[in-house]
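As stored in run-v1.cif (mmCIF, C-alpha atoms and all ligand atoms):
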data_model
loop_
_atom_site.label_atom_id
_atom_site.label_comp_id
_atom_site.auth_asym_id
_atom_site.auth_seq_id
_atom_site.Cartn_x
_atom_site.Cartn_y
_atom_site.Cartn_z
CA MET G 1 66.42 20.27 -10.00
CA ALA G 2 67.17 22.64 -12.90
CA GLY G 3 67.35 19.69 -15.26
CA ASP G 4 64.05 18.36 -13.96
CA LEU G 5 62.15 21.51 -14.89
CA LYS G 6 63.59 21.61 -18.40
CA ASP G 7 62.88 17.91 -18.89
CA ARG G 8 59.29 18.36 -17.79
CA LEU G 9 58.87 21.36 -20.08
CA ARG G 10 60.28 19.34 -22.98
CA ARG G 11 57.90 16.46 -22.33
CA VAL G 12 54.74 18.54 -21.87
CA LEU G 13 55.58 20.81 -24.82
CA THR G 14 56.24 17.83 -27.08
CA GLU G 15 53.00 16.13 -26.10
CA LEU G 16 51.02 19.33 -26.60
CA MET G 17 52.58 20.06 -30.01
CA LEU G 18 51.39 16.68 -31.23
CA ILE G 19 47.75 17.34 -30.27
CA PRO G 20 45.73 19.13 -32.98
CA GLY G 21 43.56 22.01 -31.80
CA LEU G 22 42.40 24.44 -34.45
CA SER G 23 40.66 27.56 -33.12
CA GLY G 24 37.14 26.59 -32.10
CA HIS G 25 38.18 22.93 -31.89
CA GLU G 26 40.45 22.95 -28.83
CA GLY G 27 38.81 20.02 -27.04
CA ARG G 28 41.70 17.56 -27.20
CA VAL G 29 44.18 20.16 -25.93
CA ARG G 30 41.79 21.16 -23.14
CA ARG G 31 41.37 17.54 -22.03
CA TYR G 32 45.16 17.05 -21.90
CA LEU G 33 45.65 20.20 -19.81
CA SER G 34 42.76 19.42 -17.51
CA LYS G 35 44.35 16.01 -16.81
CA ALA G 36 47.78 17.60 -16.31
CA LEU G 37 46.30 19.97 -13.72
CA ALA G 38 44.39 17.14 -12.05
CA GLY G 39 47.73 15.32 -11.76
CA LEU G 40 48.94 18.28 -9.68
CA GLY G 41 45.81 18.14 -7.54
CA ILE G 42 44.33 21.22 -9.21
CA ALA G 43 40.68 21.16 -10.26
CA SER G 44 39.65 22.99 -13.43
CA ARG G 45 36.45 23.93 -15.17
CA SER G 46 35.54 25.15 -18.63
CA ASP G 47 33.13 27.77 -19.91
CA ARG G 48 30.81 27.65 -22.89
CA LEU G 49 33.43 28.88 -25.34
CA GLY G 50 35.80 26.16 -24.13
CA ASN G 51 38.24 28.16 -22.01
CA LEU G 52 39.83 26.06 -19.26
CA ILE G 53 39.96 27.82 -15.90
CA ALA G 54 41.68 26.75 -12.66
CA THR G 55 41.78 28.93 -9.57
CA LEU G 56 44.55 28.80 -6.98
CA GLU G 57 43.09 30.61 -4.01
CA GLY G 58 45.49 32.96 -2.25
CA ASN G 59 45.73 36.12 -0.16
CA PRO G 60 42.32 37.82 -0.46
CA ASP G 61 43.84 41.25 0.30
CA ALA G 62 46.21 41.11 -2.68
CA PRO G 63 45.10 41.98 -6.22
CA SER G 64 43.91 38.87 -8.06
CA VAL G 65 45.77 37.66 -11.11
CA MET G 66 44.71 35.98 -14.32
CA LEU G 67 47.66 34.16 -15.88
CA PHE G 68 46.64 33.08 -19.35
CA THR G 69 47.75 31.62 -22.63
CA HIS G 70 45.96 30.22 -25.65
CA MET G 71 45.37 26.56 -26.48
CA ASP G 72 44.28 26.98 -30.09
CA GLN G 73 46.31 27.03 -33.28
CA LEU G 74 45.76 28.50 -36.73
CA GLY G 75 44.94 26.36 -39.74
CA LEU G 76 42.38 25.80 -42.43
CA VAL G 77 38.83 24.52 -42.80
CA VAL G 78 37.27 22.63 -45.68
CA ARG G 79 35.46 25.07 -47.96
CA LYS G 80 34.49 22.87 -50.91
CA ILE G 81 34.93 19.27 -51.94
CA GLU G 82 35.61 18.92 -55.67
CA ALA G 83 33.95 16.11 -57.65
CA ASN G 84 37.40 14.55 -58.19
CA GLY G 85 38.07 14.29 -54.43
CA LEU G 86 40.41 17.26 -54.13
CA VAL G 87 39.57 19.66 -51.30
CA ARG G 88 39.49 23.47 -51.36
CA VAL G 89 40.14 25.31 -48.13
CA GLU G 90 39.37 28.48 -46.22
CA ARG G 91 42.02 29.97 -43.97
CA LEU G 92 41.55 30.38 -40.21
CA GLY G 93 43.97 32.77 -38.52
CA GLY G 94 47.18 34.29 -39.81
CA VAL G 95 48.13 31.55 -42.22
CA PRO G 96 51.27 32.36 -44.24
CA GLU G 97 50.27 31.48 -47.79
CA LYS G 98 53.84 31.43 -49.05
CA ALA G 99 54.60 28.56 -46.68
CA LEU G 100 51.64 26.35 -47.64
CA PRO G 101 52.50 24.40 -50.83
CA SER G 102 53.99 20.95 -50.13
CA GLN G 103 52.87 21.02 -46.51
CA GLN G 104 51.60 17.84 -44.95
CA VAL G 105 48.26 18.46 -43.23
CA LEU G 106 45.81 16.63 -41.01
CA PHE G 107 42.02 16.60 -41.39
CA CYS G 108 40.70 16.41 -37.83
CA VAL G 109 37.67 14.13 -38.12
CA GLY G 110 38.01 12.40 -34.75
CA GLU G 111 40.68 10.99 -32.48
CA ASP G 112 42.39 7.97 -34.10
CA LYS G 113 40.45 8.68 -37.30
CA ASP G 114 42.25 11.80 -38.50
CA ILE G 115 43.19 11.79 -42.16
CA GLN G 116 46.51 12.75 -43.68
CA GLY G 117 46.69 14.99 -46.69
CA LEU G 118 49.01 17.37 -48.48
CA ILE G 119 48.73 20.82 -49.93
CA ALA G 120 49.60 20.38 -53.56
CA ASN G 121 52.55 22.08 -55.19
CA LYS G 122 52.26 22.19 -59.00
CA SER G 123 54.73 19.84 -60.66
CA HIS G 124 57.98 21.69 -61.15
CA HIS G 125 58.39 20.39 -64.70
CA ALA G 126 55.19 22.19 -65.67
CA THR G 127 55.94 25.43 -63.81
CA THR G 128 56.35 28.45 -66.08
CA GLN G 129 58.94 31.16 -65.53
CA ASP G 130 56.46 33.67 -64.09
CA GLU G 131 54.87 31.04 -61.82
CA LYS G 132 58.23 30.24 -60.30
CA TYR G 133 58.39 33.21 -57.94
CA ARG G 134 54.67 33.78 -57.39
CA VAL G 135 52.92 33.05 -54.09
CA LEU G 136 49.63 31.31 -54.80
CA PRO G 137 46.61 32.85 -53.03
CA TYR G 138 44.97 30.15 -50.93
CA PRO G 139 41.82 29.84 -53.11
CA GLU G 140 44.09 28.46 -55.83
CA LEU G 141 45.53 25.80 -53.53
CA TYR G 142 43.98 22.42 -52.95
CA VAL G 143 44.48 19.56 -50.54
CA ASP G 144 45.03 16.07 -51.88
CA ALA G 145 44.34 13.25 -49.43
CA GLY G 146 44.40 10.54 -52.06
CA PHE G 147 40.67 10.32 -52.63
CA SER G 148 39.27 10.00 -56.16
CA SER G 149 35.74 11.30 -55.63
CA ALA G 150 33.69 13.57 -53.40
CA ALA G 151 31.79 10.52 -52.17
CA GLU G 152 35.02 8.95 -50.89
CA VAL G 153 35.94 12.17 -49.09
CA LEU G 154 32.55 12.36 -47.37
CA ALA G 155 32.65 8.67 -46.47
CA ALA G 156 35.95 9.27 -44.66
CA GLY G 157 34.26 11.83 -42.44
CA ILE G 158 35.55 14.96 -44.16
CA ASP G 159 32.84 17.56 -44.80
CA ILE G 160 32.53 21.28 -45.30
CA GLY G 161 33.84 22.90 -42.09
CA THR G 162 36.18 20.07 -41.12
CA PRO G 163 39.23 21.50 -39.34
CA ILE G 164 42.66 21.10 -40.95
CA VAL G 165 45.99 21.74 -39.23
CA TYR G 166 49.63 21.34 -40.21
CA ALA G 167 50.50 17.67 -39.62
CA PRO G 168 51.66 17.76 -35.96
CA LYS G 169 55.42 17.50 -35.74
CA VAL G 170 58.28 17.94 -33.25
CA VAL G 171 61.90 18.30 -34.36
CA GLU G 172 64.66 18.27 -31.74
CA LEU G 173 67.50 20.56 -32.77
CA ALA G 174 70.94 21.36 -31.42
CA GLY G 175 71.19 22.53 -27.83
CA ASP G 176 67.81 22.92 -26.23
CA ARG G 177 66.05 24.11 -29.36
CA VAL G 178 62.81 22.57 -30.48
CA ALA G 179 60.98 23.18 -33.75
CA GLY G 180 57.59 22.08 -34.98
CA THR G 181 53.90 22.81 -35.01
CA SER G 182 52.06 25.12 -32.64
CA ILE G 183 54.90 26.16 -30.39
CA ASP G 184 52.60 29.21 -30.53
CA ASP G 185 51.24 28.67 -27.98
CA ARG G 186 51.61 25.21 -26.56
CA ALA G 187 54.89 26.47 -25.12
CA GLY G 188 52.85 28.98 -23.09
CA CYS G 189 50.56 26.14 -21.97
CA ALA G 190 53.55 24.05 -20.83
CA VAL G 191 54.93 27.01 -18.89
CA ILE G 192 51.64 27.59 -17.05
CA VAL G 193 51.47 23.93 -16.03
CA GLU G 194 54.93 24.27 -14.50
CA VAL G 195 54.10 27.62 -12.85
CA ALA G 196 51.09 25.89 -11.27
CA ARG G 197 53.38 23.18 -9.92
CA ALA G 198 55.79 25.77 -8.50
CA LEU G 199 53.05 27.82 -6.82
CA ARG G 200 51.90 24.80 -4.82
CA ASP G 201 55.14 25.06 -2.81
CA VAL G 202 54.90 28.81 -2.17
CA PRO G 203 53.59 29.73 1.31
CA SER G 204 51.84 32.93 0.19
CA HIS G 205 50.65 34.14 -3.16
CA PRO G 206 47.70 36.13 -4.50
CA THR G 207 44.68 34.37 -5.93
CA VAL G 208 45.83 33.21 -9.35
CA HIS G 209 43.40 32.14 -12.06
CA LEU G 210 45.16 29.94 -14.59
CA ILE G 211 43.38 30.24 -17.92
CA PHE G 212 44.01 28.31 -21.11
CA SER G 213 42.02 30.22 -23.68
CA VAL G 214 40.34 29.49 -27.00
CA GLN G 215 40.07 31.16 -30.40
CA GLU G 216 43.05 33.51 -30.01
CA GLU G 217 44.22 32.87 -33.56
CA PHE G 218 40.65 33.46 -34.77
CA ASN G 219 39.58 36.72 -33.16
CA LEU G 220 41.80 37.41 -30.12
CA ARG G 221 38.77 37.56 -27.89
CA GLY G 222 38.21 34.02 -26.61
CA ALA G 223 39.88 34.85 -23.30
CA VAL G 224 37.40 37.65 -22.68
CA THR G 225 34.62 35.41 -21.38
CA ALA G 226 37.02 33.74 -18.95
CA ALA G 227 38.25 37.13 -17.79
CA GLN G 228 34.69 38.26 -17.24
CA ALA G 229 34.03 35.17 -15.15
CA VAL G 230 37.03 35.63 -12.84
CA SER G 231 37.16 39.48 -12.86
CA PRO G 232 40.90 39.82 -12.25
CA ASP G 233 42.75 42.95 -11.15
CA ILE G 234 45.83 41.90 -13.11
CA ALA G 235 46.18 39.95 -16.36
CA ILE G 236 49.49 38.38 -17.39
CA GLN G 237 49.41 36.94 -20.86
CA LEU G 238 51.97 34.44 -22.15
CA ASP G 239 52.79 33.96 -25.80
CA LEU G 240 55.66 34.10 -28.22
CA ILE G 241 57.76 37.21 -28.50
CA LEU G 242 59.27 37.54 -31.97
CA ALA G 243 62.96 36.62 -31.93
CA THR G 244 64.88 39.15 -33.99
CA ASP G 245 68.27 37.46 -34.19
CA THR G 246 67.95 36.12 -37.73
CA PRO G 247 69.08 38.20 -40.74
CA ASP G 248 65.51 38.92 -41.87
CA MET G 249 64.43 40.28 -38.47
CA THR G 250 67.30 42.36 -37.09
CA ALA G 251 65.68 45.75 -37.71
CA ARG G 252 62.75 44.81 -35.47
CA GLY G 253 64.56 44.64 -32.17
CA ASP G 254 67.03 42.86 -29.99
CA VAL G 255 65.34 39.67 -28.81
CA LYS G 256 67.59 36.63 -28.93
CA LEU G 257 66.50 33.03 -29.03
CA GLY G 258 68.12 31.50 -25.96
CA GLY G 259 68.48 34.94 -24.36
CA GLY G 260 65.84 34.34 -21.69
CA ALA G 261 62.26 35.45 -21.08
CA ALA G 262 60.93 38.59 -22.76
CA MET G 263 58.50 41.35 -21.87
CA SER G 264 56.48 43.32 -24.43
CA MET G 265 56.58 47.06 -23.83
CA TYR G 266 54.37 47.89 -26.81
CA SER G 267 52.25 45.93 -29.25
CA PHE G 268 49.85 47.18 -31.86
CA HIS G 269 48.04 45.83 -34.88
CA GLY G 270 46.32 48.22 -37.27
CA ARG G 271 45.16 45.95 -40.07
CA GLY G 272 41.47 45.67 -39.30
CA THR G 273 42.06 45.12 -35.62
CA LEU G 274 43.26 48.42 -34.21
CA ASN G 275 44.36 47.30 -30.79
CA GLY G 276 47.42 46.48 -28.76
CA THR G 277 48.81 46.45 -25.25
CA ILE G 278 50.90 49.04 -23.46
CA PRO G 279 51.75 47.29 -20.19
CA HIS G 280 50.75 48.63 -16.79
CA PRO G 281 53.87 50.19 -15.20
CA ALA G 282 53.40 48.28 -11.93
CA LEU G 283 53.80 45.03 -13.84
CA VAL G 284 56.85 46.24 -15.77
CA GLN G 285 58.42 47.15 -12.41
CA LEU G 286 57.42 43.82 -10.93
CA PHE G 287 59.11 41.78 -13.67
CA ASP G 288 62.18 44.02 -13.84
CA ALA G 289 62.67 43.79 -10.06
CA THR G 290 62.04 40.04 -9.99
CA ALA G 291 64.46 39.39 -12.85
CA ARG G 292 67.16 41.40 -11.05
CA ALA G 293 66.57 39.61 -7.75
CA GLU G 294 66.56 36.17 -9.34
CA LYS G 295 69.52 36.99 -11.63
CA LEU G 296 67.44 36.08 -14.66
CA PRO G 297 67.87 37.91 -17.96
CA LEU G 298 64.78 39.77 -19.18
CA GLN G 299 64.60 40.93 -22.79
CA ARG G 300 62.33 43.71 -24.05
CA SER G 301 60.25 43.94 -27.19
CA ALA G 302 58.37 46.92 -28.68
CA HIS G 303 57.00 46.84 -32.18
CA ILE G 304 53.81 46.75 -34.19
CA GLY G 305 52.40 43.95 -36.30
CA ALA G 306 51.45 41.50 -33.58
CA LEU G 307 49.04 41.53 -30.70
CA THR G 308 47.41 39.18 -28.23
CA ASP G 309 44.08 38.90 -26.47
CA SER G 310 45.39 40.94 -23.54
CA SER G 311 44.40 43.89 -25.77
CA TYR G 312 40.76 43.05 -25.12
CA VAL G 313 41.06 41.70 -21.58
CA GLN G 314 42.59 45.00 -20.41
CA LEU G 315 39.42 46.88 -21.33
CA LEU G 316 37.07 44.93 -19.05
CA ASN G 317 35.31 46.34 -15.99
CA GLN G 318 37.24 49.35 -14.72
CA GLY G 319 40.38 48.23 -16.52
CA VAL G 320 42.61 45.22 -15.92
CA ALA G 321 46.31 45.93 -15.37
CA SER G 322 47.83 43.89 -18.19
CA ILE G 323 51.13 42.80 -19.63
CA ASP G 324 52.35 40.44 -22.36
CA MET G 325 55.19 38.19 -21.22
CA GLY G 326 56.72 35.51 -23.35
CA PHE G 327 59.48 33.44 -24.84
CA PRO G 328 61.46 34.28 -27.98
CA MET G 329 60.28 32.35 -31.03
CA ARG G 330 61.40 32.17 -34.65
CA TYR G 331 59.34 31.52 -37.81
CA SER G 332 55.90 32.31 -36.37
CA HIS G 333 52.83 30.69 -37.88
CA SER G 334 54.84 28.38 -40.12
CA SER G 335 54.70 24.61 -39.60
CA LEU G 336 58.21 24.74 -38.14
CA GLU G 337 58.25 27.36 -35.42
CA MET G 338 61.29 27.31 -33.14
CA CYS G 339 61.86 27.96 -29.45
CA ASP G 340 64.57 27.28 -26.88
CA LEU G 341 63.70 25.24 -23.80
CA GLY G 342 66.10 27.36 -21.74
CA ASP G 343 63.87 30.37 -22.42
CA LEU G 344 60.77 28.46 -21.31
CA GLU G 345 62.58 27.46 -18.13
CA ALA G 346 63.63 31.08 -17.49
CA LEU G 347 60.07 32.30 -18.09
CA THR G 348 58.69 29.69 -15.68
CA ARG G 349 61.16 30.72 -12.98
CA LEU G 350 60.47 34.41 -13.51
CA LEU G 351 56.70 33.95 -13.18
CA ALA G 352 56.98 31.63 -10.19
CA ALA G 353 59.14 34.24 -8.42
CA ALA G 354 57.12 37.29 -9.51
CA LEU G 355 53.60 36.12 -8.61
CA PRO G 356 54.26 35.76 -4.82
CA ARG G 357 55.54 39.37 -4.82
CA ILE G 358 52.02 40.55 -5.56
CA ASP G 359 50.82 41.15 -2.00
CA ALA G 360 48.35 43.43 -0.19
CA ARG G 361 50.70 46.41 -0.63
CA PHE G 362 51.04 45.93 -4.40
CA SER G 363 49.63 49.12 -5.90
CA LEU G 364 48.03 49.52 -9.30
CA ASP G 365 47.35 53.22 -8.70
CA ARG G 366 48.49 55.07 -11.81
CA ASP G 367 49.40 58.14 -9.76
CA HIS G 368 52.34 56.18 -8.31
CA PHE G 369 53.85 55.91 -11.76
CA ILE G 370 53.87 59.44 -13.18
CA GLN G 371 57.07 59.90 -15.17
ZN ZN G 401 49.98 32.86 -30.01
#
Take the structure in the file and write it out as structure tokens.
Amino acid sequence: MAGDLKDRLRRVLTELMLIPGLSGHEGRVRRYLSKALAGLGIASRSDRLGNLIATLEGNPDAPSVMLFTHMDQLGLVVRKIEANGLVRVERLGGVPEKALPSQQVLFCVGEDKDIQGLIANKSHHATTQDEKYRVLPYPELYVDAGFSSAAEVLAAGIDIGTPIVYAPKVVELAGDRVAGTSIDDRAGCAVIVEVARALRDVPSHPTVHLIFSVQEEFNLRGAVTAAQAVSPDIAIQLDLILATDTPDMTARGDVKLGGGAAMSMYSFHGRGTLNGTIPHPALVQLFDATARAEKLPLQRSAHIGALTDSSYVQLLNQGVASIDMGFPMRYSHSSLEMCDLGDLEALTRLLAAALPRIDARFSLDRDHFIQ
């Protein structure tokens, strides 16, 4: 049974990582997930922004839950087509410019018509000493897809605004580790599919709205319209939690890849965003107690520099009790992010065990949690 869950997670994650879905262009990912839910007998619907919503009706006396994760990925869009057929780009989301040269990319012009390209890296033989250690700002980069003129580029279906993503890729590594494109946050999507499967066999659970959201990498607010539509009492957000077990990350915390699911106790982002999530204490207690009961490890994370759309969802109506849960991940926003399938399995089990514990007696009253 244990092997089955991990195998399913591997398959769904792999399939999702190979589907391009830049922010604002999530349609192919949404269609895959809608079919996956239909395969479990779960109907879904989408809103005007493109969020995919499926509701599992449950105990009407228990607080309702929105379990959500984002479908979109960061990338680039075509900004200008040069007369010689080279393409200039605009960035969309937190694109790491130092990791862009020599990347293979995909122009998403239509299923089965997508066009390969590469982000050029100046010939090494012509690189001067001071260029050698300089990160090129993205306006100086260009994408070469082999075309010789602007007319050829346009004829291929590439135009200003065309989405570009890292060429989708999955690399199987030692143990249960997987690297590749968009583990952020197709891993979260795969976990929710498996949580949905597990909840079907649970005799009693609260009403759970499964939401696969859009535009998280763009503005962190795509999930807001879905949250407004379902008006949850509780929001549980799934995404990566930064693994800190590599030499460049050790000062940030104690989250180990392969060490199990993780819970964010504090997130904040101050560069133009000024938001973050401090989890509701009832939810911290819920996951701590569930992890203990299920004998699952639960890691903690608390640091600034990253945030998710739970920051905005929590502010709706009279407040939504929110928490960020996730899986450890290395090398975020590069074309080769890395996760461990064992962590995804642990996160799935933790959620499937925690959600049924939210019953009519589950209190979100802050006065119960005065320290
Ligand atoms: Zn993410």
Counting only C-alpha atoms, give me one row per residue of segment 85-154 of chain G with an atom at most 9 Å from an atom of segment 10-34 of chain G, showing the shortest contact pair and its distance in Å to one decimal, sorted by chain then residue number, as a Markdown table.
| residue | atom | partner | partner_atom | distance |
| --- | --- | --- | --- | --- |
| G:Leu92 | CA | G:Ser23 | CA | 7.7 |
| G:Gly93 | CA | G:Ser23 | CA | 8.2 |
| G:Leu106 | CA | G:Pro20 | CA | 8.4 |
| G:Cys108 | CA | G:Pro20 | CA | 7.5 |
| G:Glu111 | CA | G:Arg28 | CA | 8.5 |
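Using only C-alpha atoms and all ligand atoms, the shortest contact distance between ligand ZN 401 (chain G) and any of G:Thr162, G:Ser44, G:Gln237, G:Asn51 is found at G:Gln237.
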Please return as a PyMOL selection string the residues found within 8 Å of ligand ZN 401 (chain G), counting all atoms listed in the file. chain G and resi 69-70+73+184-185+216-217+239-240+308
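The space between atom CA of Gly270 of chain G and atom CA of Arg300 of chain G spans 21.2 Å.
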When you look at Leu350 of chain G with a cut-off of 9 Å (counting only C-alpha atoms), what residues show up, excluding the ones that are within fewer than 4 positions of it in the same chain? I need them as a PDB file with C-alpha atoms, in the coordinates of the input.
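Ended up saving to out_13.pdb:
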ATOM      1  CA  ALA G 261      62.260  35.450 -21.080  1.00  0.00           C
ATOM      2  CA  PHE G 287      59.110  41.780 -13.670  1.00  0.00           C
ATOM      3  CA  THR G 290      62.040  40.040  -9.990  1.00  0.00           C
ATOM      4  CA  ALA G 291      64.460  39.390 -12.850  1.00  0.00           C
ATOM      5  CA  GLU G 294      66.560  36.170  -9.340  1.00  0.00           C
ATOM      6  CA  LEU G 296      67.440  36.080 -14.660  1.00  0.00           C
ATOM      7  CA  LEU G 298      64.780  39.770 -19.180  1.00  0.00           C
ATOM      8  CA  GLU G 345      62.580  27.460 -18.130  1.00  0.00           C
ATOM      9  CA  ALA G 346      63.630  31.080 -17.490  1.00  0.00           C
ATOM     10  CA  ALA G 354      57.120  37.290  -9.510  1.00  0.00           C
ATOM     11  CA  LEU G 355      53.600  36.120  -8.610  1.00  0.00           C
TER      12      LEU G 355
END
Selected residue of minimal separation from Leu49 of chain G among G:Ile160, G:Leu136, G:Val77, G:Ala226, counting all atoms listed in the file: G:Ala226
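From atom CA of Asp367 of chain G back to atom CA of Ser204 of chain G, the distance works out to 27.2 Å.
Ranking G:Leu199, G:Glu131, G:Val89, G:Ala229 by their shortest atom-to-atom distance to Pro163 of chain G, with only C-alpha atoms included, puts G:Val89 first.
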Excluding same-chain residues fewer than 4 positions from segment 146-154 of chain G, what lies within 10 Å of it counting all atoms listed in the file, as a ChimeraX atom specification? /G:80-87,116-118,158-160
Mind writing the picked residues with C-alpha atoms as a PDB file, in the coordinates of the input?
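Saved result, out22.pdb, follows:
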ATOM      1  CA  LYS G  80      34.490  22.870 -50.910  1.00  0.00           C
ATOM      2  CA  ILE G  81      34.930  19.270 -51.940  1.00  0.00           C
ATOM      3  CA  GLU G  82      35.610  18.920 -55.670  1.00  0.00           C
ATOM      4  CA  ALA G  83      33.950  16.110 -57.650  1.00  0.00           C
ATOM      5  CA  ASN G  84      37.400  14.550 -58.190  1.00  0.00           C
ATOM      6  CA  GLY G  85      38.070  14.290 -54.430  1.00  0.00           C
ATOM      7  CA  LEU G  86      40.410  17.260 -54.130  1.00  0.00           C
ATOM      8  CA  VAL G  87      39.570  19.660 -51.300  1.00  0.00           C
ATOM      9  CA  GLN G 116      46.510  12.750 -43.680  1.00  0.00           C
ATOM     10  CA  GLY G 117      46.690  14.990 -46.690  1.00  0.00           C
ATOM     11  CA  LEU G 118      49.010  17.370 -48.480  1.00  0.00           C
ATOM     12  CA  ILE G 158      35.550  14.960 -44.160  1.00  0.00           C
ATOM     13  CA  ASP G 159      32.840  17.560 -44.800  1.00  0.00           C
ATOM     14  CA  ILE G 160      32.530  21.280 -45.300  1.00  0.00           C
TER      15      ILE G 160
END
Between atom CA of Val178 of chain G and atom CA of Ile119 of chain G, what is the distance in Å, rounded to a tenth? 24.1 Å
Shortest contact to Ser334 of chain G, candidates G:Ala179, G:Met66, G:Val320, G:Ala155, atoms counted all atoms listed in the file, goes to G:Ala179
Show me, as an MDAnalysis selection string, the residues that have an atom within 12 Å of Val224 of chain G when counting all atoms listed in the file, minus same-chain residues fewer than 2 positions from it. chainID G and resid 47:51 66 68:70 211:216 219:222 226:232 235 308:317 320
I need the chosen residues saved as a short mmCIF file (atom, residue, chain, number, x, y, z; two decimals), in the frame of the given file, with C-alpha atoms.
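Final output, part21.cif:
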data_model
loop_
_atom_site.label_atom_id
_atom_site.label_comp_id
_atom_site.auth_asym_id
_atom_site.auth_seq_id
_atom_site.Cartn_x
_atom_site.Cartn_y
_atom_site.Cartn_z
CA ASP G 47 33.13 27.77 -19.91
CA ARG G 48 30.81 27.65 -22.89
CA LEU G 49 33.43 28.88 -25.34
CA GLY G 50 35.80 26.16 -24.13
CA ASN G 51 38.24 28.16 -22.01
CA MET G 66 44.71 35.98 -14.32
CA PHE G 68 46.64 33.08 -19.35
CA THR G 69 47.75 31.62 -22.63
CA HIS G 70 45.96 30.22 -25.65
CA ILE G 211 43.38 30.24 -17.92
CA PHE G 212 44.01 28.31 -21.11
CA SER G 213 42.02 30.22 -23.68
CA VAL G 214 40.34 29.49 -27.00
CA GLN G 215 40.07 31.16 -30.40
CA GLU G 216 43.05 33.51 -30.01
CA ASN G 219 39.58 36.72 -33.16
CA LEU G 220 41.80 37.41 -30.12
CA ARG G 221 38.77 37.56 -27.89
CA GLY G 222 38.21 34.02 -26.61
CA ALA G 226 37.02 33.74 -18.95
CA ALA G 227 38.25 37.13 -17.79
CA GLN G 228 34.69 38.26 -17.24
CA ALA G 229 34.03 35.17 -15.15
CA VAL G 230 37.03 35.63 -12.84
CA SER G 231 37.16 39.48 -12.86
CA PRO G 232 40.90 39.82 -12.25
CA ALA G 235 46.18 39.95 -16.36
CA THR G 308 47.41 39.18 -28.23
CA ASP G 309 44.08 38.90 -26.47
CA SER G 310 45.39 40.94 -23.54
CA SER G 311 44.40 43.89 -25.77
CA TYR G 312 40.76 43.05 -25.12
CA VAL G 313 41.06 41.70 -21.58
CA GLN G 314 42.59 45.00 -20.41
CA LEU G 315 39.42 46.88 -21.33
CA LEU G 316 37.07 44.93 -19.05
CA ASN G 317 35.31 46.34 -15.99
CA VAL G 320 42.61 45.22 -15.92
#
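If all atoms listed in the file are the atoms counted, then among G:Val165, G:Val78, G:Leu5, G:Leu307 the closest residue to Arg349 of chain G is G:Leu5.
Proximity to Asn59 of chain G at 12 Å, evaluated using all atoms listed in the file and with sequence-adjacent residues fewer than 3 positions away removed, yields Leu56, Ala62, Pro63, Ser64, Val65, Val202, Pro203, Ser204, His205, Pro206, Thr207, Val208, Leu355, Pro356, Arg357, Ile358, Asp359, Ala360, Arg361 and Phe362 of chain G.
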Those same residues - C-alpha atoms - I'd like them written as a compact mmCIF listing (two decimals), keeping the file's coordinate frame.
# COMPACT_ATOMS: atom_id res chain seq x y z
CA LEU G 56 44.55 28.80 -6.98
CA ALA G 62 46.21 41.11 -2.68
CA PRO G 63 45.10 41.98 -6.22
CA SER G 64 43.91 38.87 -8.06
CA VAL G 65 45.77 37.66 -11.11
CA VAL G 202 54.90 28.81 -2.17
CA PRO G 203 53.59 29.73 1.31
CA SER G 204 51.84 32.93 0.19
CA HIS G 205 50.65 34.14 -3.16
CA PRO G 206 47.70 36.13 -4.50
CA THR G 207 44.68 34.37 -5.93
CA VAL G 208 45.83 33.21 -9.35
CA LEU G 355 53.60 36.12 -8.61
CA PRO G 356 54.26 35.76 -4.82
CA ARG G 357 55.54 39.37 -4.82
CA ILE G 358 52.02 40.55 -5.56
CA ASP G 359 50.82 41.15 -2.00
CA ALA G 360 48.35 43.43 -0.19
CA ARG G 361 50.70 46.41 -0.63
CA PHE G 362 51.04 45.93 -4.40
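Of the residues under consideration (G:His209, G:Lys122, G:His303, G:Lys98), G:Lys98 shows the shortest atom-to-atom contact distance to Arg134 of chain G when counting all atoms listed in the file.
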Residues within 7 Å of Arg330 of chain G, please, as a tab-separated table (two decimals) with C-alpha atoms, keeping the file's coordinate frame. Count all atoms listed in the file; anything in the same chain fewer than 5 positions from it doesn't count.
chain	number	residue	atom	x	y	z
G	242	LEU	CA	59.27	37.54	-31.97
G	243	ALA	CA	62.96	36.62	-31.93
G	337	GLU	CA	58.25	27.36	-35.42
G	338	MET	CA	61.29	27.31	-33.14
G	339	CYS	CA	61.86	27.96	-29.45
